[in-house]
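Reproduced below: model_15.cif, with mmCIF, C-alpha atoms.
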data_protein
#
loop_
_atom_site.label_atom_id
_atom_site.label_comp_id
_atom_site.auth_asym_id
_atom_site.auth_seq_id
_atom_site.Cartn_x
_atom_site.Cartn_y
_atom_site.Cartn_z
CA MET A 1 27.01 4.38 61.17
CA GLY A 2 27.30 1.12 59.26
CA ASN A 3 23.68 1.40 57.98
CA VAL A 4 24.05 4.90 56.56
CA LEU A 5 24.90 5.08 52.86
CA SER A 6 27.88 7.18 51.94
CA ARG A 7 27.21 10.27 49.86
CA PRO A 8 28.47 8.80 46.56
CA LYS A 9 26.39 5.65 47.12
CA THR A 10 23.34 7.75 48.03
CA ALA A 11 23.72 9.85 44.89
CA ALA A 12 24.09 6.74 42.73
CA TYR A 13 21.05 5.13 44.37
CA LEU A 14 18.92 8.24 43.79
CA LEU A 15 20.12 8.46 40.18
CA VAL A 16 19.07 4.85 39.54
CA MET A 17 15.63 5.52 41.07
CA VAL A 18 15.12 8.63 38.91
CA LEU A 19 16.18 6.75 35.76
CA GLN A 20 13.73 3.94 36.54
CA LEU A 21 10.91 6.45 36.91
CA LEU A 22 11.84 8.16 33.65
CA ILE A 23 12.06 4.88 31.77
CA SER A 24 8.71 3.69 33.11
CA GLY A 25 7.15 7.01 32.07
CA CYS A 26 8.33 6.50 28.49
CA GLN A 27 6.33 3.31 27.97
CA ASP A 28 3.40 3.50 25.59
CA THR A 29 -0.10 3.56 27.00
CA PRO A 30 -1.67 0.10 26.75
CA PRO A 31 -4.23 0.00 23.91
CA GLU A 32 -7.17 -0.62 26.24
CA GLU A 33 -6.25 2.43 28.32
CA ALA A 34 -5.79 4.55 25.19
CA ILE A 35 -9.26 3.57 23.94
CA LYS A 36 -10.81 4.30 27.35
CA ALA A 37 -9.09 7.72 27.32
CA ALA A 38 -10.49 8.36 23.83
CA LEU A 39 -13.98 7.41 25.03
CA SER A 40 -13.61 9.78 27.97
CA GLU A 41 -12.54 12.51 25.54
CA LEU A 42 -15.66 11.82 23.47
CA GLU A 43 -17.87 12.06 26.58
CA GLU A 44 -16.42 15.48 27.38
CA ALA A 45 -16.76 16.61 23.76
CA VAL A 46 -20.46 15.68 23.65
CA GLU A 47 -21.14 17.53 26.89
CA ALA A 48 -19.21 20.58 25.64
CA GLY A 49 -20.84 20.52 22.17
CA ASP A 50 -17.43 20.09 20.52
CA THR A 51 -18.13 18.49 17.15
CA SER A 52 -14.54 18.85 15.90
CA THR A 53 -13.14 16.66 18.70
CA ILE A 54 -15.81 14.05 17.99
CA LEU A 55 -15.04 14.05 14.26
CA ASP A 56 -11.28 13.90 14.95
CA ARG A 57 -11.85 10.53 16.68
CA LEU A 58 -13.36 9.06 13.48
CA THR A 59 -11.44 7.64 10.55
CA ASP A 60 -12.06 9.34 7.21
CA SER A 61 -14.18 6.39 6.09
CA ALA A 62 -16.03 5.87 9.39
CA VAL A 63 -19.63 4.76 9.23
CA ILE A 64 -22.08 5.36 12.06
CA HIS A 65 -25.24 3.22 12.22
CA ARG A 66 -28.31 4.17 14.19
CA GLY A 67 -31.29 2.98 12.25
CA GLN A 68 -29.63 4.36 9.13
CA SER A 69 -26.00 4.78 8.08
CA MET A 70 -24.38 8.17 8.51
CA ASP A 71 -21.14 9.43 7.07
CA ARG A 72 -19.01 12.12 8.74
CA LYS A 73 -20.88 15.02 7.17
CA THR A 74 -24.31 13.67 8.12
CA LEU A 75 -23.08 12.96 11.64
CA GLN A 76 -21.73 16.50 11.98
CA ARG A 77 -25.06 18.02 10.91
CA THR A 78 -26.96 15.70 13.25
CA LEU A 79 -24.70 16.62 16.19
CA VAL A 80 -25.02 20.35 15.57
CA GLY A 81 -28.81 20.01 15.49
CA LEU A 82 -28.86 17.97 18.72
CA PHE A 83 -26.49 20.38 20.46
CA PHE A 84 -28.77 23.33 19.62
CA ARG A 85 -31.89 21.41 20.60
CA TYR A 86 -30.40 20.21 23.90
CA PRO A 87 -27.94 22.86 25.14
CA LYS A 88 -27.68 21.14 28.53
CA ARG A 89 -26.66 17.54 27.96
CA GLN A 90 -24.92 14.73 29.78
CA LEU A 91 -23.37 11.50 28.56
CA THR A 92 -22.22 8.60 30.67
CA LEU A 93 -20.60 5.47 29.26
CA ALA A 94 -21.02 2.39 31.41
CA GLY A 95 -19.91 -1.23 31.25
CA ILE A 96 -17.07 -0.60 28.78
CA ARG A 97 -15.68 -3.88 27.41
CA ILE A 98 -12.71 -3.76 25.08
CA GLU A 99 -11.56 -6.73 23.00
CA MET A 100 -8.20 -6.39 21.29
CA ALA A 101 -7.54 -8.17 18.00
CA PRO A 102 -4.43 -10.38 17.93
CA ASN A 103 -2.69 -7.95 15.57
CA GLY A 104 -2.89 -5.20 18.23
CA THR A 105 -3.96 -2.55 15.72
CA THR A 106 -7.72 -3.08 15.84
CA ALA A 107 -10.17 -3.41 18.71
CA ARG A 108 -13.83 -3.64 19.54
CA ALA A 109 -15.37 -1.58 22.35
CA ARG A 110 -18.89 -2.28 23.58
CA PHE A 111 -20.70 -0.23 26.20
CA THR A 112 -23.96 1.32 27.30
CA ALA A 113 -24.39 5.03 26.65
CA LEU A 114 -26.74 6.89 28.97
CA VAL A 115 -27.71 10.23 27.50
CA TRP A 116 -30.00 12.98 28.71
CA GLY A 117 -30.50 16.62 27.94
CA GLY A 118 -32.74 19.62 27.69
CA ARG A 119 -32.83 23.39 27.58
CA ASN A 120 -32.78 23.88 31.34
CA THR A 121 -31.29 22.14 34.33
CA LEU A 122 -33.84 19.33 34.36
CA PRO A 123 -33.60 16.92 31.43
CA GLU A 124 -36.41 16.90 28.89
CA LYS A 125 -35.30 13.67 27.27
CA ALA A 126 -33.25 10.69 28.41
CA ASP A 127 -32.31 7.49 26.65
CA SER A 128 -29.88 4.59 26.82
CA TYR A 129 -28.14 2.84 23.95
CA GLN A 130 -26.12 -0.31 23.47
CA VAL A 131 -23.07 0.69 21.45
CA ASP A 132 -20.74 -1.56 19.47
CA SER A 133 -17.71 0.27 18.07
CA HIS A 134 -14.74 -0.90 16.03
CA TRP A 135 -11.45 0.93 16.44
CA LEU A 136 -8.13 1.01 14.63
CA VAL A 137 -4.81 2.73 15.06
CA GLN A 138 -4.34 5.55 12.56
CA ASP A 139 -1.29 7.82 12.74
CA GLY A 140 -0.62 6.62 16.29
CA ASP A 141 -4.15 7.41 17.58
CA TRP A 142 -7.08 5.10 18.19
CA LYS A 143 -9.98 6.09 15.94
CA ILE A 144 -13.47 4.75 15.34
CA GLU A 145 -13.89 2.89 12.05
CA SER A 146 -17.53 1.95 12.63
CA LEU A 147 -20.09 2.39 15.35
CA GLU A 148 -23.53 0.89 15.73
CA SER A 149 -26.01 1.87 18.40
CA LYS A 150 -29.53 0.84 19.26
CA ARG A 151 -31.85 1.76 22.07
CA VAL A 152 -31.66 -0.56 25.02
CA TYR A 153 -35.44 -0.99 25.07
CA GLU A 154 -36.04 -1.59 21.35
#
Mind turning this structure into structure tokens?
Amino acid sequence: MGNVLSRPKTAAYLLVMVLQLLISGCQDTPPEEAIKAALSELEEAVEAGDTSTILDRLTDSAVIHRGQSMDRKTLQRTLVGLFFRYPKRQLTLAGIRIEMAPNGTTARARFTALVWGGRNTLPEKADSYQVDSHWLVQDGDWKIESLESKRVYE
């Protein structure tokens, strides 16, 4: 019986383990993981046709470049038009590379966006884009300050 912990020692040991788990759960998400989670949220929003979630991930002064510059309002109109034109759509982000600035409040995320969609199950149109996005922390959330995309085969 020398190896068995007494009840008070067992209770204290379990309490310490629970406290360690609680403390580790209170740590902030690393910035890279928070940005990847935001990108995943954007993927889901595009597939669901949820323009408000997409716009919530942009700063108020965000600028989107794809051949021409778009502000938030122009982007919203463009998204609504694309969502009606392609009711069945998929988005996959691949090769995500995140570079944090030394200050820890800004970052750059580069990736390839594979997008396809159509009116039925089979896609009518598919494309791939190289995306370069700049992020900053605003009110505790990572938001896109600027985003530039161009077709992979341009």
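For the atom pair formed by CA of Lys150 in chain A and CA of Ala101 in chain A, the distance is 23.8 Å, given to one decimal.
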Among the residues A:Gly81, A:Pro102, A:Pro123, A:Gly95, the one that comes closest to Lys36 in chain A [using all atoms listed in the file]: A:Gly95
Output the residue selection produced by the PyMOL selection byres ((chain A and resi 34) around 12) on the file above, formatted as number ranges by chain. A: 28-33, 35-41, 98, 100, 105, 107, 109, 135-137, 140-143
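Candidate residues A:Ile144, A:Ala62, A:Leu114, A:Val46 were compared for distance to Pro87 in chain A, and the nearest is A:Val46, using only C-alpha atoms.
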Separating CA of Val131 in chain A from CA of Val115 in chain A, to the nearest tenth of an Å, is a gap of 12.2 Å
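What the PyMOL selection byres ((chain A and resi 60) around 10) grabs from this file is Leu55, Asp56, Arg57, Leu58, Thr59, Ser61, Ala62, Val63, Asp71, Arg72, Lys143, Ile144 and Glu145 of chain A.
If you measure from each of A:Thr106, A:Thr121, A:Ser69, A:Ser128 to Thr92 in chain A using only C-alpha atoms, the closest one turns out to be A:Ser128.
CA of Arg77 in chain A to CA of Ser52 in chain A spans 11.7 Å [interatomic distance, one decimal].
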Pick from A:Glu148, A:Ala48, A:Gln130, A:Trp116 nearest to Ala94 in chain A, counting all atoms listed in the file: A:Gln130
Considering all atoms listed in the file, return as a PyMOL selection string whatever protein or nucleic-acid residues lie within 12 Å of Val80 in chain A, sequence-local ones (same chain, fewer than 2 positions apart) excluded. chain A and resi 46+48-52+54-55+73-78+82-87
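Using only C-alpha atoms, the smallest distance between any of A:Glu47, A:Asn103, A:Arg66, A:Lys88 and Lys125 in chain A comes from A:Lys88.
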Enclosing box along x, y and z for every listed atom of range 120-128 of chain A, padded 6 Å each side, centre and size in Å, one decimal, as JSON:
{"center_x": -33.1, "center_y": 14.2, "center_z": 30.5, "size_x": 18.5, "size_y": 31.3, "size_z": 19.7}
Find the residue from A:Ala113, A:Leu147, A:Ala126, A:Ile64 that sits nearest to Leu93 in chain A; use all atoms listed in the file when measuring. A:Ala113
As a JSON list (two decimals), in the coordinates of the input, please: range 49-69 of chain A completed to N, CA and C atoms.
[["chain", "number", "residue", "atom", "x", "y", "z"],
["A", 49, "GLY", "N", -20.35, 20.15, 23.50],
["A", 49, "GLY", "CA", -20.84, 20.52, 22.17],
["A", 49, "GLY", "C", -19.72, 20.70, 21.17],
["A", 50, "ASP", "N", -18.63, 19.97, 21.34],
["A", 50, "ASP", "CA", -17.43, 20.09, 20.52],
["A", 50, "ASP", "C", -17.44, 19.06, 19.39],
["A", 51, "THR", "N", -18.03, 19.43, 18.26],
["A", 51, "THR", "CA", -18.13, 18.49, 17.15],
["A", 51, "THR", "C", -16.77, 18.17, 16.53],
["A", 52, "SER", "N", -15.84, 19.10, 16.54],
["A", 52, "SER", "CA", -14.54, 18.85, 15.90],
["A", 52, "SER", "C", -13.77, 17.75, 16.62],
["A", 53, "THR", "N", -13.82, 17.73, 17.96],
["A", 53, "THR", "CA", -13.14, 16.66, 18.70],
["A", 53, "THR", "C", -13.79, 15.32, 18.41],
["A", 54, "ILE", "N", -15.10, 15.30, 18.30],
["A", 54, "ILE", "CA", -15.81, 14.05, 17.99],
["A", 54, "ILE", "C", -15.39, 13.56, 16.60],
["A", 55, "LEU", "N", -15.39, 14.44, 15.62],
["A", 55, "LEU", "CA", -15.04, 14.05, 14.26],
["A", 55, "LEU", "C", -13.56, 13.66, 14.15],
["A", 56, "ASP", "N", -12.70, 14.26, 14.97],
["A", 56, "ASP", "CA", -11.28, 13.90, 14.95],
["A", 56, "ASP", "C", -11.05, 12.46, 15.42],
["A", 57, "ARG", "N", -11.97, 11.90, 16.18],
["A", 57, "ARG", "CA", -11.85, 10.53, 16.68],
["A", 57, "ARG", "C", -12.40, 9.51, 15.69],
["A", 58, "LEU", "N", -12.85, 9.96, 14.51],
["A", 58, "LEU", "CA", -13.36, 9.06, 13.48],
["A", 58, "LEU", "C", -12.35, 8.95, 12.35],
["A", 59, "THR", "N", -12.26, 7.76, 11.76],
["A", 59, "THR", "CA", -11.44, 7.64, 10.55],
["A", 59, "THR", "C", -12.16, 8.37, 9.42],
["A", 60, "ASP", "N", -11.45, 8.63, 8.35],
["A", 60, "ASP", "CA", -12.06, 9.34, 7.21],
["A", 60, "ASP", "C", -13.21, 8.55, 6.60],
["A", 61, "SER", "N", -13.14, 7.23, 6.70],
["A", 61, "SER", "CA", -14.18, 6.39, 6.09],
["A", 61, "SER", "C", -15.15, 5.83, 7.13],
["A", 62, "ALA", "N", -15.19, 6.39, 8.31],
["A", 62, "ALA", "CA", -16.03, 5.87, 9.39],
["A", 62, "ALA", "C", -17.50, 5.89, 9.01],
["A", 63, "VAL", "N", -18.20, 4.86, 9.46],
["A", 63, "VAL", "CA", -19.63, 4.76, 9.23],
["A", 63, "VAL", "C", -20.31, 4.58, 10.58],
["A", 64, "ILE", "N", -21.32, 5.40, 10.83],
["A", 64, "ILE", "CA", -22.08, 5.36, 12.06],
["A", 64, "ILE", "C", -23.47, 4.83, 11.73],
["A", 65, "HIS", "N", -23.93, 3.82, 12.45],
["A", 65, "HIS", "CA", -25.24, 3.22, 12.22],
["A", 65, "HIS", "C", -26.13, 3.47, 13.43],
["A", 66, "ARG", "N", -27.25, 4.08, 13.18],
["A", 66, "ARG", "CA", -28.31, 4.17, 14.19],
["A", 66, "ARG", "C", -29.62, 4.22, 13.43],
["A", 67, "GLY", "N", -30.09, 3.05, 13.08],
["A", 67, "GLY", "CA", -31.29, 2.98, 12.25],
["A", 67, "GLY", "C", -30.94, 3.15, 10.78],
["A", 68, "GLN", "N", -30.11, 4.11, 10.50],
["A", 68, "GLN", "CA", -29.63, 4.36, 9.13],
["A", 68, "GLN", "C", -28.13, 4.65, 9.21],
["A", 69, "SER", "N", -27.43, 4.51, 8.10],
["A", 69, "SER", "CA", -26.00, 4.78, 8.08],
["A", 69, "SER", "C", -25.75, 6.27, 7.90]]
